[in-house]
Amino acid sequence: MKKTLYSLFVFFFFIAGLTNVRSQDISLPAPEKTGGKPLMQALNERQTTRSFTKDDLTLQQISDLLWAGWGVNRPDLKKRTAPSARDFQEISVYVALPGGLYLYDAFANTLKQIHNRNIGALSGTQAFVATAPVNLIYVADLGKLGKKEGDEIKDAELFWSYANTGFIAQNVYLYCASANLGCVIRGLVPKDKLAPEMGLKSNQVIILSQTIGVPQK
Ligand SMILES: Cc1cc2nc3c(=O)[nH]c(=O)nc-3n(C[C@H](O)[C@H](O)[C@H](O)COP(=O)(O)O)c2cc1C
């Protein structure tokens, strides 16, 4: 009897532990892959926005914008909505939200929590960054290109990662135009301060950041 109770006790805490770990991640709703504005209209309305209301984005909007940017559009081939040089798919999208920092897992359509601190303000030097609801941080995971921790990384080796990020960021711009949201891609990122706050390894390099929110009229 004692043994059974003990097993039940251990089982309960094992399940509780698992639930706790999982509850920190955010399971995104399936992205809306139809609708929106016609492509030519979205292109006509694409623009940079630097003034946002305090409104949060819905999880559906976050799911849609991440899918548009760097989602999986051909699951059988493990391919994505943006092109990627030699299909290395080395760009990781980190999502800074008021509730914490997350990593977008496009294949699981989930935001994996890195920690529960709001580091959005640290992702930029411009005032609007601190109050906007969503800041994406594009990181090149050079481990996928064979770089080990501690290896030297020359600027020229980041050439493809900058190009790859540009495609993702433009997809996000077009989604924002289509969904009446505003965004700005930013090169002004205090990378040395931000990288440790994100827990990045030396072979993970911040490329650009992009702020998204509801535009102030
Ligand atoms: C690689 C890149 C980096 C940029 N960095 C910043 C930035 O740090 N801060 C900012 O406010 N805008 C930044 N921008 C946005 C440009 O200023 C903006 O695209 C330009 O003024 C043209 O405006 P439009 O996007 O509305 O056409 C950047 C754009 C690109 C392509």
# chains A, B, ... in the order shown; residues from 1 in each chain; ligands from 1
>>> closest_atom_pairs(of="chain A", to="ligand 1", cutoff="6 Å", atoms="only C-alpha atoms and all ligand atoms", output="tab-separated table")
residue	atom	partner	partner_atom_place_in_ligand_line	distance
A:Gln47	CA	ligand 1	26 (O)	3.6
A:Thr48	CA	ligand 1	26 (O)	3.6
A:Val184	CA	ligand 1	15 (C)	5.8
A:Ile185	CA	ligand 1	28 (C)	5.1
A:Arg186	CA	ligand 1	8 (O)	3.4
A:Gly187	CA	ligand 1	5 (N)	3.9
A:Leu188	CA	ligand 1	8 (O)	3.6
>>> write_last_selection(atoms="N, CA and C atoms", output="PDB file, in the first residue's frame")
ATOM      1  N   GLN A  47       4.915  49.848 -45.952  1.00  0.00           N
ATOM      2  CA  GLN A  47       5.633  51.040 -45.489  1.00  0.00           C
ATOM      3  C   GLN A  47       6.192  50.784 -44.098  1.00  0.00           C
ATOM      4  N   THR A  48       7.123  51.631 -43.710  1.00  0.00           N
ATOM      5  CA  THR A  48       7.681  51.568 -42.357  1.00  0.00           C
ATOM      6  C   THR A  48       6.840  52.412 -41.411  1.00  0.00           C
ATOM      7  N   VAL A 184       8.608  48.001 -38.484  1.00  0.00           N
ATOM      8  CA  VAL A 184       9.868  48.616 -38.934  1.00  0.00           C
ATOM      9  C   VAL A 184      10.985  47.608 -38.725  1.00  0.00           C
ATOM     10  N   ILE A 185      11.764  47.379 -39.780  1.00  0.00           N
ATOM     11  CA  ILE A 185      12.964  46.544 -39.645  1.00  0.00           C
ATOM     12  C   ILE A 185      14.065  47.454 -39.116  1.00  0.00           C
ATOM     13  N   ARG A 186      14.878  46.926 -38.185  1.00  0.00           N
ATOM     14  CA  ARG A 186      15.870  47.792 -37.540  1.00  0.00           C
ATOM     15  C   ARG A 186      17.267  47.179 -37.552  1.00  0.00           C
ATOM     16  N   GLY A 187      18.203  48.010 -38.041  1.00  0.00           N
ATOM     17  CA  GLY A 187      19.609  47.655 -37.925  1.00  0.00           C
ATOM     18  C   GLY A 187      20.191  48.227 -36.647  1.00  0.00           C
ATOM     19  N   LEU A 188      19.489  49.223 -36.103  1.00  0.00           N
ATOM     20  CA  LEU A 188      19.942  49.843 -34.847  1.00  0.00           C
ATOM     21  C   LEU A 188      19.583  48.916 -33.688  1.00  0.00           C
TER      22      LEU A 188
END
>>> select_by_dssp(residues="region 1-159 of chain A", states="helix (DSSP H, G or I)", output="PyMOL selection string")
chain A and resi 2-24+39-45+59-70+75-77+85-87+120-123+127-131+142-145+155-159
>>> atom_distance(atom1="CA of Ile212 (chain A)", atom2="CA of Val134 (chain A)")
5.2 Å
>>> residues_around(residues="Ala132 (chain A)", least_positions_apart="5", cutoff="7 Å", atoms="only C-alpha atoms", output="PyMOL selection string")
chain A and resi 52+54+211-213
>>> atom_distance(atom1="CA of Ile137 (chain A)", atom2="CA of Ser92 (chain A)")
8.2 Å
>>> residues_around(residues="Ala42 (chain A)", least_positions_apart="4", cutoff="7 Å", atoms="only C-alpha atoms", output="list of chain:residue names")
A:Lys37, A:Pro38, A:Arg46, A:Leu174, A:Ala177, A:Ser178
>>> write_last_selection(atoms="N, CA and C atoms", output="PDB file, in the first residue's frame")
ATOM      1  N   LYS A  37      -5.266  41.015 -48.055  1.00  0.00           N
ATOM      2  CA  LYS A  37      -5.384  41.877 -49.241  1.00  0.00           C
ATOM      3  C   LYS A  37      -4.682  41.221 -50.424  1.00  0.00           C
ATOM      4  N   PRO A  38      -5.118  41.534 -51.649  1.00  0.00           N
ATOM      5  CA  PRO A  38      -4.385  41.034 -52.815  1.00  0.00           C
ATOM      6  C   PRO A  38      -2.926  41.505 -52.752  1.00  0.00           C
ATOM      7  N   ARG A  46       2.738  48.732 -48.440  1.00  0.00           N
ATOM      8  CA  ARG A  46       3.887  48.430 -47.585  1.00  0.00           C
ATOM      9  C   ARG A  46       4.638  49.698 -47.211  1.00  0.00           C
ATOM     10  N   LEU A 174       4.891  42.708 -45.647  1.00  0.00           N
ATOM     11  CA  LEU A 174       3.713  42.521 -46.514  1.00  0.00           C
ATOM     12  C   LEU A 174       2.523  42.020 -45.703  1.00  0.00           C
ATOM     13  N   ALA A 177       1.108  45.031 -43.943  1.00  0.00           N
ATOM     14  CA  ALA A 177       0.315  45.870 -44.862  1.00  0.00           C
ATOM     15  C   ALA A 177      -1.054  45.231 -45.077  1.00  0.00           C
ATOM     16  N   SER A 178      -1.063  43.910 -45.218  1.00  0.00           N
ATOM     17  CA  SER A 178      -2.313  43.202 -45.480  1.00  0.00           C
ATOM     18  C   SER A 178      -3.244  43.227 -44.272  1.00  0.00           C
TER      19      SER A 178
END
>>> residues_around(residues="Ala169 (chain A)", least_positions_apart="6", cutoff="12 Å", atoms="only C-alpha atoms", output="PyMOL selection string")
chain A and resi 46+48+65-70+81-83+91+93+135-138+162-163+175-176+183-187+207-212
>>> write_last_selection(atoms="N, CA, C and O atoms", output="short mmCIF file (atom, residue, chain, number, x, y, z; two decimals), in the first residue's frame")
data_model
loop_
_atom_site.label_atom_id
_atom_site.label_comp_id
_atom_site.auth_asym_id
_atom_site.auth_seq_id
_atom_site.Cartn_x
_atom_site.Cartn_y
_atom_site.Cartn_z
N ARG A 46 2.74 48.73 -48.44
CA ARG A 46 3.89 48.43 -47.58
C ARG A 46 4.64 49.70 -47.21
O ARG A 46 4.91 50.54 -48.05
N THR A 48 7.12 51.63 -43.71
CA THR A 48 7.68 51.57 -42.36
C THR A 48 6.84 52.41 -41.41
O THR A 48 6.45 53.53 -41.75
N LEU A 65 1.64 36.37 -38.56
CA LEU A 65 2.80 37.16 -39.01
C LEU A 65 4.07 36.30 -39.01
O LEU A 65 4.92 36.45 -39.89
N LEU A 66 4.16 35.37 -38.04
CA LEU A 66 5.35 34.49 -38.02
C LEU A 66 5.29 33.49 -39.17
O LEU A 66 6.31 33.19 -39.80
N TRP A 67 4.09 33.01 -39.46
CA TRP A 67 3.97 32.07 -40.59
C TRP A 67 4.30 32.80 -41.90
O TRP A 67 5.04 32.27 -42.73
N ALA A 68 3.75 34.01 -42.05
CA ALA A 68 4.04 34.78 -43.28
C ALA A 68 5.55 34.99 -43.39
O ALA A 68 6.14 34.85 -44.46
N GLY A 69 6.19 35.32 -42.27
CA GLY A 69 7.61 35.63 -42.30
C GLY A 69 8.49 34.42 -42.56
O GLY A 69 9.35 34.44 -43.45
N TRP A 70 8.27 33.37 -41.78
CA TRP A 70 9.25 32.26 -41.81
C TRP A 70 8.58 30.95 -41.41
O TRP A 70 9.17 30.12 -40.72
N THR A 81 8.24 29.82 -46.03
CA THR A 81 7.64 30.92 -46.80
C THR A 81 8.70 31.89 -47.35
O THR A 81 8.38 32.70 -48.21
N ALA A 82 9.91 31.84 -46.84
CA ALA A 82 10.99 32.69 -47.38
C ALA A 82 12.10 31.78 -47.91
O ALA A 82 12.32 30.69 -47.37
N PRO A 83 12.81 32.25 -48.93
CA PRO A 83 13.92 31.44 -49.43
C PRO A 83 15.11 31.50 -48.47
O PRO A 83 15.18 32.37 -47.60
N ILE A 91 18.30 30.93 -39.93
CA ILE A 91 17.77 32.07 -39.19
C ILE A 91 16.72 31.61 -38.16
O ILE A 91 15.76 30.92 -38.50
N VAL A 93 13.95 32.96 -35.35
CA VAL A 93 13.19 34.17 -35.01
C VAL A 93 12.84 34.12 -33.52
O VAL A 93 12.10 33.23 -33.08
N ASN A 135 8.53 42.63 -30.59
CA ASN A 135 9.82 42.85 -31.25
C ASN A 135 10.38 41.49 -31.66
O ASN A 135 10.54 40.60 -30.81
N LEU A 136 10.62 41.32 -32.95
CA LEU A 136 11.26 40.10 -33.43
C LEU A 136 12.76 40.35 -33.47
O LEU A 136 13.20 41.44 -33.83
N ILE A 137 13.52 39.34 -33.10
CA ILE A 137 14.98 39.44 -33.18
C ILE A 137 15.45 38.28 -34.05
O ILE A 137 15.21 37.10 -33.72
N TYR A 138 16.07 38.63 -35.18
CA TYR A 138 16.53 37.62 -36.12
C TYR A 138 17.96 37.23 -35.78
O TYR A 138 18.85 38.08 -35.71
N TYR A 162 22.33 37.86 -43.65
CA TYR A 162 21.67 39.17 -43.84
C TYR A 162 20.68 39.09 -44.99
O TYR A 162 19.56 39.60 -44.91
N ALA A 163 21.08 38.45 -46.09
CA ALA A 163 20.17 38.32 -47.24
C ALA A 163 18.94 37.50 -46.84
O ALA A 163 17.80 37.91 -47.10
N TYR A 175 2.80 41.13 -44.73
CA TYR A 175 1.70 40.68 -43.86
C TYR A 175 1.12 41.89 -43.12
O TYR A 175 -0.11 42.04 -43.04
N CYS A 176 1.99 42.74 -42.58
CA CYS A 176 1.51 43.91 -41.83
C CYS A 176 0.66 44.82 -42.71
O CYS A 176 -0.40 45.29 -42.28
N CYS A 183 5.01 48.06 -38.98
CA CYS A 183 6.29 47.45 -38.57
C CYS A 183 7.46 48.26 -39.09
O CYS A 183 7.31 49.11 -39.98
N VAL A 184 8.61 48.00 -38.48
CA VAL A 184 9.87 48.62 -38.93
C VAL A 184 10.99 47.61 -38.72
O VAL A 184 11.12 47.04 -37.64
N ILE A 185 11.76 47.38 -39.78
CA ILE A 185 12.96 46.54 -39.65
C ILE A 185 14.07 47.45 -39.12
O ILE A 185 14.16 48.62 -39.52
N ARG A 186 14.88 46.93 -38.19
CA ARG A 186 15.87 47.79 -37.54
C ARG A 186 17.27 47.18 -37.55
O ARG A 186 17.46 46.04 -37.12
N GLY A 187 18.20 48.01 -38.04
CA GLY A 187 19.61 47.65 -37.92
C GLY A 187 20.19 48.23 -36.65
O GLY A 187 21.24 47.79 -36.17
N ILE A 207 21.19 39.43 -36.20
CA ILE A 207 21.30 40.06 -37.52
C ILE A 207 20.53 41.39 -37.53
O ILE A 207 21.12 42.45 -37.71
N LEU A 208 19.24 41.34 -37.37
CA LEU A 208 18.40 42.54 -37.38
C LEU A 208 17.25 42.32 -36.39
O LEU A 208 17.05 41.21 -35.90
N SER A 209 16.49 43.38 -36.16
CA SER A 209 15.31 43.26 -35.32
C SER A 209 14.15 43.94 -36.04
O SER A 209 14.37 44.77 -36.94
N GLN A 210 12.94 43.58 -35.69
CA GLN A 210 11.77 44.16 -36.37
C GLN A 210 10.67 44.37 -35.33
O GLN A 210 10.31 43.43 -34.60
N THR A 211 10.19 45.60 -35.26
CA THR A 211 9.14 45.95 -34.31
C THR A 211 7.79 45.90 -35.02
O THR A 211 7.67 46.39 -36.16
N ILE A 212 6.79 45.35 -34.35
CA ILE A 212 5.45 45.24 -34.96
C ILE A 212 4.40 45.70 -33.94
O ILE A 212 4.52 45.42 -32.75
#
>>> residues_around(residues="Leu101 (chain A)", least_positions_apart="3", cutoff="7 Å", atoms="only C-alpha atoms", output="PyMOL selection string")
chain A and resi 94-97+113-119
>>> write_last_selection(atoms="N, CA and C atoms", output="PDB file, in the first residue's frame")
ATOM      1  N   TYR A  94      13.420  35.040 -32.762  1.00  0.00           N
ATOM      2  CA  TYR A  94      13.080  35.202 -31.352  1.00  0.00           C
ATOM      3  C   TYR A  94      11.988  36.264 -31.261  1.00  0.00           C
ATOM      4  N   VAL A  95      11.045  36.037 -30.351  1.00  0.00           N
ATOM      5  CA  VAL A  95       9.883  36.928 -30.237  1.00  0.00           C
ATOM      6  C   VAL A  95       9.869  37.507 -28.834  1.00  0.00           C
ATOM      7  N   ALA A  96      10.114  38.814 -28.732  1.00  0.00           N
ATOM      8  CA  ALA A  96      10.077  39.482 -27.426  1.00  0.00           C
ATOM      9  C   ALA A  96       8.672  40.023 -27.204  1.00  0.00           C
ATOM     10  N   LEU A  97       7.983  39.454 -26.216  1.00  0.00           N
ATOM     11  CA  LEU A  97       6.611  39.853 -25.876  1.00  0.00           C
ATOM     12  C   LEU A  97       6.605  40.377 -24.445  1.00  0.00           C
ATOM     13  N   GLN A 113       9.357  29.108 -24.762  1.00  0.00           N
ATOM     14  CA  GLN A 113       9.808  30.178 -23.865  1.00  0.00           C
ATOM     15  C   GLN A 113      11.289  30.033 -23.521  1.00  0.00           C
ATOM     16  N   ILE A 114      12.017  31.152 -23.688  1.00  0.00           N
ATOM     17  CA  ILE A 114      13.435  31.194 -23.288  1.00  0.00           C
ATOM     18  C   ILE A 114      13.516  31.650 -21.833  1.00  0.00           C
ATOM     19  N   HIS A 115      12.778  32.727 -21.524  1.00  0.00           N
ATOM     20  CA  HIS A 115      12.638  33.182 -20.138  1.00  0.00           C
ATOM     21  C   HIS A 115      11.422  34.100 -20.059  1.00  0.00           C
ATOM     22  N   ASN A 116      11.088  34.523 -18.828  1.00  0.00           N
ATOM     23  CA  ASN A 116       9.836  35.289 -18.683  1.00  0.00           C
ATOM     24  C   ASN A 116      10.056  36.791 -18.496  1.00  0.00           C
ATOM     25  N   ARG A 117      11.218  37.276 -18.928  1.00  0.00           N
ATOM     26  CA  ARG A 117      11.467  38.727 -18.826  1.00  0.00           C
ATOM     27  C   ARG A 117      11.135  39.424 -20.140  1.00  0.00           C
ATOM     28  N   ASN A 118      10.607  40.651 -20.058  1.00  0.00           N
ATOM     29  CA  ASN A 118      10.308  41.432 -21.266  1.00  0.00           C
ATOM     30  C   ASN A 118      11.561  42.195 -21.679  1.00  0.00           C
ATOM     31  N   ILE A 119      12.229  41.702 -22.716  1.00  0.00           N
ATOM     32  CA  ILE A 119      13.483  42.357 -23.119  1.00  0.00           C
ATOM     33  C   ILE A 119      13.299  43.170 -24.407  1.00  0.00           C
TER      34      ILE A 119
END
>>> closest_residue(among="A:Ala130, A:Val139, A:Ile153, A:Met198", to="Ser51 (chain A)", atoms="only C-alpha atoms")
A:Ala130
>>> atom_distance(atom1="CA of Pro31 (chain A)", atom2="CA of Asp64 (chain A)")
4.8 Å
>>> select_by_dssp(residues="region 57-179 of chain A", states="strand (DSSP E or B)", output="ChimeraX atom specification")
/A:72-74,79-80,91-97,100-105,110-115,134-141
>>> residues_around(residues="Lys144 (chain A)", least_positions_apart="2", cutoff="12 Å", atoms="only C-alpha atoms", output="list of chain:residue names")
A:Arg86, A:Asp87, A:Phe88, A:Gln89, A:Glu90, A:Ile91, A:Ser92, A:Val139, A:Ala140, A:Asp141, A:Leu142, A:Gly146, A:Lys147, A:Lys148, A:Glu149, A:Ser161, A:Asn203, A:Gln204
>>> write_last_selection(atoms="all heavy atoms", output="CSV table (one decimal), in the first residue's frame")
chain,number,residue,atom,x,y,z
A,86,ARG,N,21.1,27.9,-49.9
A,86,ARG,CA,21.4,26.5,-49.8
A,86,ARG,C,20.5,25.8,-48.9
A,86,ARG,O,20.8,24.7,-48.3
A,86,ARG,CB,22.9,26.3,-49.4
A,86,ARG,CG,23.9,26.9,-50.5
A,86,ARG,CD,25.3,26.7,-50.1
A,86,ARG,NE,25.7,25.3,-50.1
A,86,ARG,CZ,26.9,25.0,-49.6
A,86,ARG,NH1,27.8,25.8,-49.2
A,86,ARG,NH2,27.2,23.7,-49.6
A,87,ASP,N,19.4,26.4,-48.6
A,87,ASP,CA,18.3,25.8,-47.7
A,87,ASP,C,18.9,25.4,-46.3
A,87,ASP,O,18.4,24.5,-45.7
A,87,ASP,CB,17.7,24.6,-48.4
A,87,ASP,CG,16.3,24.3,-47.8
A,87,ASP,OD1,15.7,25.2,-47.2
A,87,ASP,OD2,15.9,23.1,-47.9
A,88,PHE,N,19.9,26.3,-45.8
A,88,PHE,CA,20.4,26.0,-44.5
A,88,PHE,C,19.4,26.3,-43.4
A,88,PHE,O,19.5,25.8,-42.3
A,88,PHE,CB,21.7,26.7,-44.3
A,88,PHE,CG,22.9,26.0,-44.8
A,88,PHE,CD1,23.8,26.7,-45.6
A,88,PHE,CD2,23.1,24.7,-44.5
A,88,PHE,CE1,24.9,26.1,-46.1
A,88,PHE,CE2,24.3,24.0,-45.0
A,88,PHE,CZ,25.2,24.7,-45.8
A,89,GLN,N,18.5,27.3,-43.7
A,89,GLN,CA,17.4,27.7,-42.7
A,89,GLN,C,18.1,28.0,-41.4
A,89,GLN,O,17.6,27.5,-40.3
A,89,GLN,CB,16.4,26.6,-42.6
A,89,GLN,CG,15.7,26.2,-43.9
A,89,GLN,CD,14.5,25.3,-43.7
A,89,GLN,OE1,14.0,25.1,-42.6
A,89,GLN,NE2,14.0,24.8,-44.9
A,90,GLU,N,19.1,28.8,-41.4
A,90,GLU,CA,19.9,29.1,-40.2
A,90,GLU,C,19.3,30.2,-39.4
A,90,GLU,O,19.8,30.5,-38.3
A,90,GLU,CB,21.4,29.3,-40.5
A,90,GLU,CG,21.7,30.7,-40.9
A,90,GLU,CD,21.4,31.1,-42.3
A,90,GLU,OE1,20.6,30.3,-43.0
A,90,GLU,OE2,21.8,32.1,-42.8
A,91,ILE,N,18.3,30.9,-39.9
A,91,ILE,CA,17.8,32.1,-39.2
A,91,ILE,C,16.7,31.6,-38.2
A,91,ILE,O,15.8,30.9,-38.5
A,91,ILE,CB,17.1,33.1,-40.1
A,91,ILE,CG1,18.2,33.6,-41.2
A,91,ILE,CG2,16.6,34.3,-39.3
A,91,ILE,CD1,19.4,34.3,-40.6
A,92,SER,N,16.9,32.0,-36.9
A,92,SER,CA,16.0,31.7,-35.8
A,92,SER,C,15.3,33.1,-35.6
A,92,SER,O,15.9,34.1,-35.5
A,92,SER,CB,16.7,31.3,-34.5
A,92,SER,OG,17.4,30.1,-34.7
A,139,VAL,N,18.2,35.9,-35.6
A,139,VAL,CA,19.5,35.4,-35.1
A,139,VAL,C,20.0,34.4,-36.1
A,139,VAL,O,19.2,33.5,-36.5
A,139,VAL,CB,19.3,34.8,-33.7
A,139,VAL,CG1,20.6,34.1,-33.3
A,139,VAL,CG2,19.0,35.9,-32.7
A,140,ALA,N,21.2,34.5,-36.6
A,140,ALA,CA,21.8,33.5,-37.4
A,140,ALA,C,22.4,32.4,-36.5
A,140,ALA,O,23.3,32.7,-35.8
A,140,ALA,CB,22.8,34.1,-38.3
A,141,ASP,N,21.9,31.2,-36.6
A,141,ASP,CA,22.4,30.1,-35.8
A,141,ASP,C,23.5,29.4,-36.7
A,141,ASP,O,23.2,28.5,-37.5
A,141,ASP,CB,21.3,29.1,-35.5
A,141,ASP,CG,21.7,28.0,-34.6
A,141,ASP,OD1,23.0,27.9,-34.3
A,141,ASP,OD2,20.9,27.3,-34.1
A,142,LEU,N,24.7,29.9,-36.5
A,142,LEU,CA,25.8,29.4,-37.4
A,142,LEU,C,26.3,28.0,-37.1
A,142,LEU,O,27.1,27.4,-37.8
A,142,LEU,CB,27.0,30.4,-37.3
A,142,LEU,CG,26.6,31.8,-37.8
A,142,LEU,CD1,27.8,32.8,-37.7
A,142,LEU,CD2,26.1,31.8,-39.2
A,146,GLY,N,28.0,24.8,-39.4
A,146,GLY,CA,29.3,24.1,-39.0
A,146,GLY,C,30.1,24.9,-38.0
A,146,GLY,O,31.2,24.4,-37.6
A,147,LYS,N,29.7,26.1,-37.7
A,147,LYS,CA,30.5,26.9,-36.7
A,147,LYS,C,30.3,26.4,-35.3
A,147,LYS,O,29.2,26.2,-34.9
A,147,LYS,CB,30.1,28.4,-36.8
A,147,LYS,CG,30.6,29.1,-38.0
A,147,LYS,CD,32.0,29.6,-37.8
A,147,LYS,CE,32.5,30.2,-39.1
A,147,LYS,NZ,34.0,30.4,-39.0
A,148,LYS,N,31.4,26.2,-34.6
A,148,LYS,CA,31.3,25.7,-33.2
A,148,LYS,C,31.4,26.9,-32.3
A,148,LYS,O,31.9,28.0,-32.7
A,148,LYS,CB,32.4,24.7,-32.9
A,148,LYS,CG,32.4,23.6,-33.8
A,148,LYS,CD,32.9,22.3,-33.2
A,148,LYS,CE,32.7,21.1,-34.0
A,148,LYS,NZ,33.1,21.2,-35.4
A,149,GLU,N,31.0,26.8,-31.0
A,149,GLU,CA,31.2,27.8,-30.0
A,149,GLU,C,32.6,28.2,-29.9
A,149,GLU,O,33.5,27.3,-29.9
A,149,GLU,CB,30.6,27.4,-28.7
A,149,GLU,CG,29.1,27.5,-28.5
A,149,GLU,CD,28.7,27.2,-27.1
A,149,GLU,OE1,29.0,28.0,-26.2
A,149,GLU,OE2,28.1,26.2,-26.9
A,161,SER,N,23.3,35.3,-44.3
A,161,SER,CA,22.3,35.5,-43.2
A,161,SER,C,21.6,36.8,-43.3
A,161,SER,O,20.4,36.9,-43.0
A,161,SER,CB,23.0,35.3,-41.8
A,161,SER,OG,23.5,34.0,-41.7
A,203,ASN,N,28.2,31.3,-31.3
A,203,ASN,CA,28.0,31.0,-32.7
A,203,ASN,C,26.5,31.3,-33.1
A,203,ASN,O,26.1,30.8,-34.2
A,203,ASN,CB,28.3,29.5,-33.1
A,203,ASN,CG,27.5,28.5,-32.2
A,203,ASN,OD1,26.8,28.9,-31.3
A,203,ASN,ND2,27.7,27.2,-32.5
A,204,GLN,N,25.9,32.1,-32.3
A,204,GLN,CA,24.5,32.6,-32.7
A,204,GLN,C,24.7,34.1,-32.7
A,204,GLN,O,25.0,34.8,-31.7
A,204,GLN,CB,23.5,32.2,-31.6
A,204,GLN,CG,23.2,30.7,-31.5
A,204,GLN,CD,22.2,30.4,-30.4
A,204,GLN,OE1,22.5,30.6,-29.2
A,204,GLN,NE2,21.1,30.0,-30.8
>>> closest_residue(among="A:Leu28, A:Lys201, A:Leu77, A:Leu39", to="Thr58 (chain A)", atoms="only C-alpha atoms")
A:Leu28
